[in-house]
Amino acid sequence: MLTLNVALSERSYPIYIGKGLIDGDLLRRHVRARQVLVVTNTTIAPLYLDRVIAALSGLQVDTLQLPDGEKFKTLSVLEQVFDKLLEARHARTTTLIALGGGVVGDMVGFAAACYQRGVDFIQVPTTLLAQVDSSVGGKTAVNHPRGKNMIGAFHQPKAVIIDTDVLSTLPAREFSAGLAEVIKYGLIRDREFYRWITVNIDALLARDPALLSEAILRSCQNKADIVAEDETEQGSRALLNLGHTFGHAIETATGYTSWLHGEAVAAGMVMAAQLSVELGWLAQDEVDGLAGILARAKLPVRPPQGMSARQCRELMALDKKVHDGSLRLVLLRAIGDGVVTADYDEAVLMRMLERDCVAGD
Ligand code: NAD
Ligand code: GLY
């Protein structure tokens, strides 16, 4: 088992990475009192819930299965968590356990931030995206009809328990979407990791256990460093949004149905890299290399056909990173050196979008 630490003084916590970790005594060790509520969804419950319950024997273990899907990441569905906690008389010393991907993790984290003004929770992420990104860092939220993740809180977990075995049941498309976030860390701050990914991408896609553990470890280390530096996104944490402004435009244009988040981020990272070429920071062969790696990971590298440059630009303007009317983008000064900047020429951005959107998939 590998262990990392997210260094946030009194809110510090461990990240454990290893095989079969949902079965051992790790979970139990991080439960503060005698009550736990394990929240999962209807897809993951038949696969892993019994094993988690068994690992918590001797405690008051209540369980809740939410419906599966981003469309259920709402305040009204979240009420089921509060109903369950109150019905089973959970005290302020209770611990919530999030067993699932980013949707379950974000919802349970937010419920833990709110219940009796804040209780403990543990992340047990089951998708690659959740293992390398969403389970670490304490961003919790639900969606509002007018915007994704618009209602939430920063609330750090007490531990993140990453059992790499559970990835064996993850559908291939979801796995690839998680790889987009792995590649992101290399691009924004870890050139050597990026080089390592380019060498190992085929074996990673084949879920080679040793390489996968290494990729999760290095991703979590990068995320833990960023979170320790900037817990509430006043500065450098925004680098984690590489490709996301373009990606959100793609997700919105396609109605949040046909593209997975990681797929939109992949195409968005190529667009951010292409703009970085236009600014004279990256070489064209570096962008082509990036597109090649993403394509090998079975990810899209171009925006969807039918999204015009103008539509893309308008949707980008709705991004959370708009400050005082100017749109800040995460761009690349070099591979491994991301920057958040509004210092680019709008005409250059539009030229790039016109070329890319015409050539879209
Ligand atoms: P998800 O939670 O919807 O999971 C994807 C699908 O895989 C679901 O159908 C789920 O039931 C299924 N699944 C999960 N684990 C499985 C397993 N081991 N075997 C078989 N099926 C499994 O999607 P996601 O990509 O994990 O997370 C996306 C969410 O994460 C979004 O809501 C996004 O906003 C959020 N997010 C949050 C952060 C953060 O910092 N908090 C960062 C990135 C993304
Ligand atoms: N995934 C974005 C963040 O944690 O800040």
# chains A, B, ... in the order shown; residues from 1 in each chain; ligands from 1
call {"tool": "closest_atom_pairs", "arguments": {"of": "chain A", "to": "ligand 1", "cutoff": "6 Å", "atoms": "only C-alpha atoms and all ligand atoms", "output": "tab-separated table"}}
result
residue	atom	partner	partner_atom_place_in_ligand_line	distance
A:Thr43	CA	ligand 1	11 (O)	4.9
A:Ile44	CA	ligand 1	11 (O)	5.7
A:Asp68	CA	ligand 1	11 (O)	5.4
A:Gly69	CA	ligand 1	3 (O)	5.2
A:Glu70	CA	ligand 1	3 (O)	5.6
A:Gly100	CA	ligand 1	14 (C)	5.3
A:Gly101	CA	ligand 1	2 (O)	3.3
A:Gly102	CA	ligand 1	27 (O)	3.2
A:Val103	CA	ligand 1	2 (O)	3.9
A:Val104	CA	ligand 1	2 (O)	5.8
A:Asp106	CA	ligand 1	41 (N)	5.4
A:Thr126	CA	ligand 1	15 (N)	4.1
A:Thr127	CA	ligand 1	15 (N)	4.4
A:Leu129	CA	ligand 1	26 (O)	5.1
A:Ala130	CA	ligand 1	26 (O)	4.8
A:Asp133	CA	ligand 1	42 (C)	5.3
A:Ser134	CA	ligand 1	39 (C)	3.6
A:Lys139	CA	ligand 1	41 (N)	4.2
A:Thr140	CA	ligand 1	41 (N)	5.2
A:Val166	CA	ligand 1	18 (N)	4.6
A:Leu167	CA	ligand 1	18 (N)	4.9
A:Thr169	CA	ligand 1	19 (N)	4.0
A:Leu170	CA	ligand 1	19 (N)	3.8
call {"tool": "closest_atom_pairs", "arguments": {"of": "chain A", "to": "ligand 2", "cutoff": "8 Å", "atoms": "only C-alpha atoms and all ligand atoms", "output": "tab-separated table"}}
result
residue	atom	partner	partner_atom_place_in_ligand_line	distance
A:Asp133	CA	ligand 2	1 (N)	5.8
A:Ser134	CA	ligand 2	1 (N)	5.7
A:Val136	CA	ligand 2	4 (O)	7.1
A:Gly137	CA	ligand 2	4 (O)	5.6
A:Gly138	CA	ligand 2	4 (O)	7.4
A:Lys139	CA	ligand 2	4 (O)	6.0
A:Lys223	CA	ligand 2	4 (O)	7.6
A:Val227	CA	ligand 2	5 (O)	7.7
A:Glu233	CA	ligand 2	5 (O)	6.9
A:Arg237	CA	ligand 2	5 (O)	5.6
A:Ala238	CA	ligand 2	5 (O)	6.4
A:Leu240	CA	ligand 2	2 (C)	5.2
A:Asn241	CA	ligand 2	2 (C)	6.1
call {"tool": "atom_distance", "arguments": {"atom1": "CA of Leu205 in chain A", "atom2": "CA of Leu260 in chain A"}}
result
17.0 Å
call {"tool": "select_by_dssp", "arguments": {"residues": "range 298-359 of chain A", "states": "helix (DSSP H, G or I)", "output": "ChimeraX atom specification"}}
result
/A:309-316,346-358
call {"tool": "residues_around", "arguments": {"residues": "Ala7 in chain A", "least_positions_apart": "6", "cutoff": "12 Å", "atoms": "only C-alpha atoms", "output": "list of chain:residue names"}}
result
A:Tyr13, A:Pro14, A:Ile15, A:Val136, A:Gly137, A:Gln156, A:Gln221, A:Lys223, A:Ala224, A:Asp225, A:Ile226, A:Val227, A:Ala228, A:Glu229, A:Asp230, A:Glu231
call {"tool": "write_last_selection", "arguments": {"atoms": "all heavy atoms", "output": "CSV table (one decimal), in the first residue's frame"}}
result
chain,number,residue,atom,x,y,z
A,13,TYR,N,-5.0,15.0,5.8
A,13,TYR,CA,-5.5,13.6,5.7
A,13,TYR,C,-4.7,12.8,4.8
A,13,TYR,O,-4.0,13.2,3.9
A,13,TYR,CB,-7.0,13.6,5.3
A,13,TYR,CG,-7.3,14.3,4.0
A,13,TYR,CD1,-7.3,13.7,2.8
A,13,TYR,CD2,-7.5,15.7,4.0
A,13,TYR,CE1,-7.6,14.3,1.6
A,13,TYR,CE2,-7.8,16.4,2.8
A,13,TYR,CZ,-7.9,15.7,1.6
A,13,TYR,OH,-8.2,16.4,0.5
A,14,PRO,N,-4.8,11.4,5.0
A,14,PRO,CA,-4.0,10.5,4.2
A,14,PRO,C,-4.8,10.1,2.9
A,14,PRO,O,-6.0,10.0,2.9
A,14,PRO,CB,-3.8,9.3,5.1
A,14,PRO,CG,-5.0,9.3,6.0
A,14,PRO,CD,-5.4,10.8,6.1
A,15,ILE,N,-4.0,9.8,1.9
A,15,ILE,CA,-4.6,9.1,0.7
A,15,ILE,C,-3.9,7.7,0.7
A,15,ILE,O,-2.7,7.7,0.6
A,15,ILE,CB,-4.2,9.9,-0.6
A,15,ILE,CG1,-4.7,11.3,-0.5
A,15,ILE,CG2,-4.8,9.1,-1.8
A,15,ILE,CD1,-4.2,12.2,-1.7
A,136,VAL,N,-10.0,14.0,-4.0
A,136,VAL,CA,-8.9,14.7,-3.3
A,136,VAL,C,-9.2,16.2,-3.4
A,136,VAL,O,-9.4,16.7,-4.5
A,136,VAL,CB,-7.5,14.4,-3.9
A,136,VAL,CG1,-6.4,15.2,-3.2
A,136,VAL,CG2,-7.2,12.9,-3.8
A,137,GLY,N,-9.1,16.9,-2.3
A,137,GLY,CA,-9.1,18.4,-2.3
A,137,GLY,C,-10.3,19.0,-1.8
A,137,GLY,O,-10.3,20.3,-1.6
A,156,GLN,N,-13.1,19.0,3.5
A,156,GLN,CA,-12.1,18.0,3.3
A,156,GLN,C,-12.5,16.7,3.9
A,156,GLN,O,-13.0,16.7,5.0
A,156,GLN,CB,-10.7,18.4,3.8
A,156,GLN,CG,-10.1,19.7,3.3
A,156,GLN,CD,-9.8,19.6,1.8
A,156,GLN,OE1,-9.6,18.5,1.2
A,156,GLN,NE2,-9.6,20.8,1.1
A,221,GLN,N,-0.3,12.9,-6.0
A,221,GLN,CA,0.7,13.7,-5.4
A,221,GLN,C,0.7,15.1,-6.0
A,221,GLN,O,0.7,16.1,-5.2
A,221,GLN,CB,2.1,13.1,-5.7
A,221,GLN,CG,3.3,13.8,-5.0
A,221,GLN,CD,3.2,13.8,-3.5
A,221,GLN,OE1,3.4,12.7,-2.9
A,221,GLN,NE2,2.9,14.9,-2.9
A,223,LYS,N,-2.0,16.5,-7.2
A,223,LYS,CA,-3.2,17.2,-6.7
A,223,LYS,C,-3.0,17.6,-5.3
A,223,LYS,O,-3.4,18.7,-4.9
A,223,LYS,CB,-4.4,16.3,-6.9
A,223,LYS,CG,-5.7,16.9,-6.3
A,223,LYS,CD,-6.8,17.2,-7.3
A,223,LYS,CE,-7.9,18.1,-6.7
A,223,LYS,NZ,-9.2,17.8,-7.3
A,224,ALA,N,-2.4,16.7,-4.5
A,224,ALA,CA,-2.2,17.1,-3.1
A,224,ALA,C,-1.3,18.3,-2.9
A,224,ALA,O,-1.6,19.2,-2.1
A,224,ALA,CB,-1.6,15.9,-2.3
A,225,ASP,N,-0.3,18.4,-3.7
A,225,ASP,CA,0.6,19.6,-3.7
A,225,ASP,C,-0.2,20.8,-4.0
A,225,ASP,O,0.0,21.9,-3.3
A,225,ASP,CB,1.7,19.4,-4.7
A,225,ASP,CG,2.7,18.3,-4.3
A,225,ASP,OD1,2.6,17.8,-3.1
A,225,ASP,OD2,3.6,17.9,-5.1
A,226,ILE,N,-1.0,20.8,-5.1
A,226,ILE,CA,-1.7,22.0,-5.5
A,226,ILE,C,-2.7,22.4,-4.4
A,226,ILE,O,-2.9,23.6,-4.0
A,226,ILE,CB,-2.5,21.7,-6.8
A,226,ILE,CG1,-1.5,21.6,-7.9
A,226,ILE,CG2,-3.5,22.8,-7.1
A,226,ILE,CD1,-2.1,21.3,-9.3
A,227,VAL,N,-3.4,21.4,-3.8
A,227,VAL,CA,-4.4,21.7,-2.8
A,227,VAL,C,-3.8,22.3,-1.5
A,227,VAL,O,-4.3,23.2,-0.9
A,227,VAL,CB,-5.3,20.4,-2.5
A,227,VAL,CG1,-6.1,20.6,-1.2
A,227,VAL,CG2,-6.1,20.1,-3.7
A,228,ALA,N,-2.6,21.7,-1.2
A,228,ALA,CA,-1.9,22.2,0.0
A,228,ALA,C,-1.4,23.7,-0.2
A,228,ALA,O,-1.4,24.5,0.7
A,228,ALA,CB,-0.7,21.3,0.3
A,229,GLU,N,-1.2,24.0,-1.4
A,229,GLU,CA,-0.7,25.3,-1.8
A,229,GLU,C,-1.8,26.3,-1.9
A,229,GLU,O,-1.7,27.5,-1.5
A,229,GLU,CB,-0.1,25.2,-3.2
A,229,GLU,CG,0.8,26.3,-3.7
A,229,GLU,CD,1.4,25.8,-5.0
A,229,GLU,OE1,2.4,25.0,-5.0
A,229,GLU,OE2,0.9,26.2,-6.1
A,230,ASP,N,-3.0,25.9,-2.3
A,230,ASP,CA,-4.1,26.8,-2.6
A,230,ASP,C,-5.5,26.1,-2.4
A,230,ASP,O,-6.1,25.8,-3.4
A,230,ASP,CB,-4.0,27.3,-4.1
A,230,ASP,CG,-5.1,28.2,-4.5
A,230,ASP,OD1,-5.7,28.8,-3.6
A,230,ASP,OD2,-5.3,28.4,-5.7
A,231,GLU,N,-5.8,25.8,-1.2
A,231,GLU,CA,-7.0,25.0,-0.9
A,231,GLU,C,-8.3,25.5,-1.5
A,231,GLU,O,-9.1,24.8,-2.0
A,231,GLU,CB,-7.2,24.9,0.7
A,231,GLU,CG,-8.3,24.0,1.1
A,231,GLU,CD,-8.5,23.9,2.6
A,231,GLU,OE1,-7.8,24.7,3.3
A,231,GLU,OE2,-9.3,23.1,3.0
call {"tool": "residues_around", "arguments": {"residues": "Thr245 in chain A", "least_positions_apart": "6", "cutoff": "12 Å", "atoms": "only C-alpha atoms", "output": "JSON, numbers by chain"}}
result
{"A": [238, 239, 251, 252, 261, 264, 265, 266, 267, 268, 269, 270, 271, 272, 312, 313, 314, 315, 316, 317, 318, 319, 320, 321, 322, 327, 328, 329, 330, 331, 340]}
call {"tool": "select_by_dssp", "arguments": {"residues": "range 160-358 of chain A", "states": "strand (DSSP E or B)", "output": "PyMOL selection string"}}
result
chain A and resi 160-163+322-323+326-327+329-334+337-341
call {"tool": "closest_residue", "arguments": {"among": "A:Arg355, A:Val132, A:Leu279, A:Pro300", "to": "Asn222 in chain A", "atoms": "only C-alpha atoms"}}
result
A:Val132
call {"tool": "residues_around", "arguments": {"residues": "Ile151 in chain A", "least_positions_apart": "6", "cutoff": "12 Å", "atoms": "only C-alpha atoms", "output": "PyMOL selection string"}}
result
chain A and resi 73-75+78+106-107+110-111+113-114+139-145
call {"tool": "write_last_selection", "arguments": {"atoms": "all heavy atoms", "output": "short mmCIF file (atom, residue, chain, number, x, y, z; two decimals), in the first residue's frame"}}
result
data_model
loop_
_atom_site.label_atom_id
_atom_site.label_comp_id
_atom_site.auth_asym_id
_atom_site.auth_seq_id
_atom_site.Cartn_x
_atom_site.Cartn_y
_atom_site.Cartn_z
N LYS A 73 -27.54 14.62 -9.56
CA LYS A 73 -26.65 15.36 -8.64
C LYS A 73 -27.33 16.70 -8.29
O LYS A 73 -26.90 17.77 -8.68
CB LYS A 73 -25.30 15.59 -9.34
CG LYS A 73 -24.17 16.06 -8.44
CD LYS A 73 -22.88 16.22 -9.25
CE LYS A 73 -21.83 16.98 -8.51
NZ LYS A 73 -20.64 17.26 -9.34
N THR A 74 -28.44 16.57 -7.55
CA THR A 74 -29.27 17.75 -7.29
C THR A 74 -29.57 17.86 -5.79
O THR A 74 -29.46 16.88 -5.04
CB THR A 74 -30.64 17.64 -8.01
OG1 THR A 74 -31.31 16.49 -7.47
CG2 THR A 74 -30.46 17.47 -9.50
N LEU A 75 -30.02 19.06 -5.41
CA LEU A 75 -30.40 19.27 -4.01
C LEU A 75 -31.53 18.35 -3.59
O LEU A 75 -31.54 17.84 -2.46
CB LEU A 75 -30.84 20.72 -3.82
CG LEU A 75 -29.77 21.74 -3.42
CD1 LEU A 75 -30.40 23.12 -3.31
CD2 LEU A 75 -29.09 21.34 -2.11
N LEU A 78 -30.24 14.99 -2.93
CA LEU A 78 -29.38 15.04 -1.73
C LEU A 78 -30.20 14.94 -0.44
O LEU A 78 -29.71 14.44 0.58
CB LEU A 78 -28.57 16.34 -1.72
CG LEU A 78 -27.35 16.34 -0.79
CD1 LEU A 78 -26.28 15.41 -1.34
CD2 LEU A 78 -26.79 17.73 -0.64
N ASP A 106 -18.93 13.94 -4.70
CA ASP A 106 -19.27 15.37 -4.55
C ASP A 106 -20.53 15.55 -3.71
O ASP A 106 -20.63 16.46 -2.88
CB ASP A 106 -19.51 16.00 -5.93
CG ASP A 106 -18.22 16.39 -6.64
OD1 ASP A 106 -17.14 15.92 -6.23
OD2 ASP A 106 -18.29 17.15 -7.63
N MET A 107 -21.51 14.65 -3.93
CA MET A 107 -22.78 14.79 -3.20
C MET A 107 -22.61 14.45 -1.72
O MET A 107 -23.10 15.17 -0.84
CB MET A 107 -23.84 13.85 -3.81
CG MET A 107 -24.27 14.29 -5.20
SD MET A 107 -25.51 13.19 -5.91
CE MET A 107 -27.00 13.72 -5.06
N PHE A 110 -20.75 17.11 0.15
CA PHE A 110 -21.58 18.28 0.43
C PHE A 110 -22.57 17.98 1.57
O PHE A 110 -22.79 18.81 2.46
CB PHE A 110 -22.31 18.73 -0.83
CG PHE A 110 -23.05 20.04 -0.65
CD1 PHE A 110 -22.47 21.11 0.00
CD2 PHE A 110 -24.35 20.18 -1.13
CE1 PHE A 110 -23.16 22.31 0.18
CE2 PHE A 110 -25.05 21.37 -0.96
CZ PHE A 110 -24.45 22.44 -0.30
N ALA A 111 -23.12 16.77 1.55
CA ALA A 111 -24.03 16.39 2.65
C ALA A 111 -23.26 16.42 3.98
O ALA A 111 -23.77 16.90 5.00
CB ALA A 111 -24.59 14.99 2.40
N ALA A 113 -20.71 18.26 4.67
CA ALA A 113 -20.42 19.67 5.02
C ALA A 113 -21.63 20.31 5.70
O ALA A 113 -21.48 21.21 6.53
CB ALA A 113 -20.05 20.44 3.76
N CYS A 114 -22.83 19.83 5.34
CA CYS A 114 -24.06 20.49 5.82
C CYS A 114 -24.68 19.83 7.05
O CYS A 114 -25.26 20.53 7.89
CB CYS A 114 -25.12 20.47 4.71
SG CYS A 114 -24.63 21.33 3.23
N LYS A 139 -13.44 19.70 -2.74
CA LYS A 139 -14.50 20.43 -3.45
C LYS A 139 -15.73 19.53 -3.46
O LYS A 139 -15.66 18.38 -3.95
CB LYS A 139 -14.10 20.71 -4.90
CG LYS A 139 -13.30 21.98 -5.07
CD LYS A 139 -13.21 22.33 -6.55
CE LYS A 139 -12.35 23.55 -6.76
NZ LYS A 139 -12.19 23.85 -8.20
N THR A 140 -16.84 20.03 -2.93
CA THR A 140 -18.08 19.24 -2.88
C THR A 140 -19.20 20.09 -3.46
O THR A 140 -19.15 21.31 -3.33
CB THR A 140 -18.44 18.84 -1.44
OG1 THR A 140 -18.96 20.01 -0.77
CG2 THR A 140 -17.24 18.31 -0.67
N ALA A 141 -20.16 19.47 -4.11
CA ALA A 141 -21.22 20.28 -4.73
C ALA A 141 -22.35 19.43 -5.28
O ALA A 141 -22.21 18.22 -5.47
CB ALA A 141 -20.63 21.11 -5.87
N VAL A 142 -23.46 20.12 -5.54
CA VAL A 142 -24.51 19.58 -6.40
C VAL A 142 -24.76 20.60 -7.52
O VAL A 142 -24.31 21.75 -7.43
CB VAL A 142 -25.84 19.29 -5.64
CG1 VAL A 142 -25.67 18.15 -4.66
CG2 VAL A 142 -26.36 20.54 -4.96
N ASN A 143 -25.46 20.16 -8.55
CA ASN A 143 -25.77 21.04 -9.67
C ASN A 143 -27.06 21.81 -9.42
O ASN A 143 -27.92 21.37 -8.65
CB ASN A 143 -25.93 20.23 -10.96
CG ASN A 143 -24.68 19.43 -11.30
OD1 ASN A 143 -23.56 19.87 -10.99
ND2 ASN A 143 -24.85 18.29 -11.94
N HIS A 144 -27.19 22.95 -10.08
CA HIS A 144 -28.44 23.72 -10.12
C HIS A 144 -28.88 23.71 -11.58
O HIS A 144 -28.02 23.62 -12.47
CB HIS A 144 -28.16 25.15 -9.62
CG HIS A 144 -29.40 25.99 -9.51
ND1 HIS A 144 -29.93 26.68 -10.58
CD2 HIS A 144 -30.22 26.24 -8.45
CE1 HIS A 144 -31.03 27.31 -10.19
NE2 HIS A 144 -31.23 27.05 -8.91
N PRO A 145 -30.19 23.78 -11.85
CA PRO A 145 -30.60 23.80 -13.27
C PRO A 145 -29.87 24.86 -14.09
O PRO A 145 -29.66 24.71 -15.28
CB PRO A 145 -32.10 24.10 -13.20
CG PRO A 145 -32.53 23.65 -11.83
CD PRO A 145 -31.33 23.78 -10.93
#
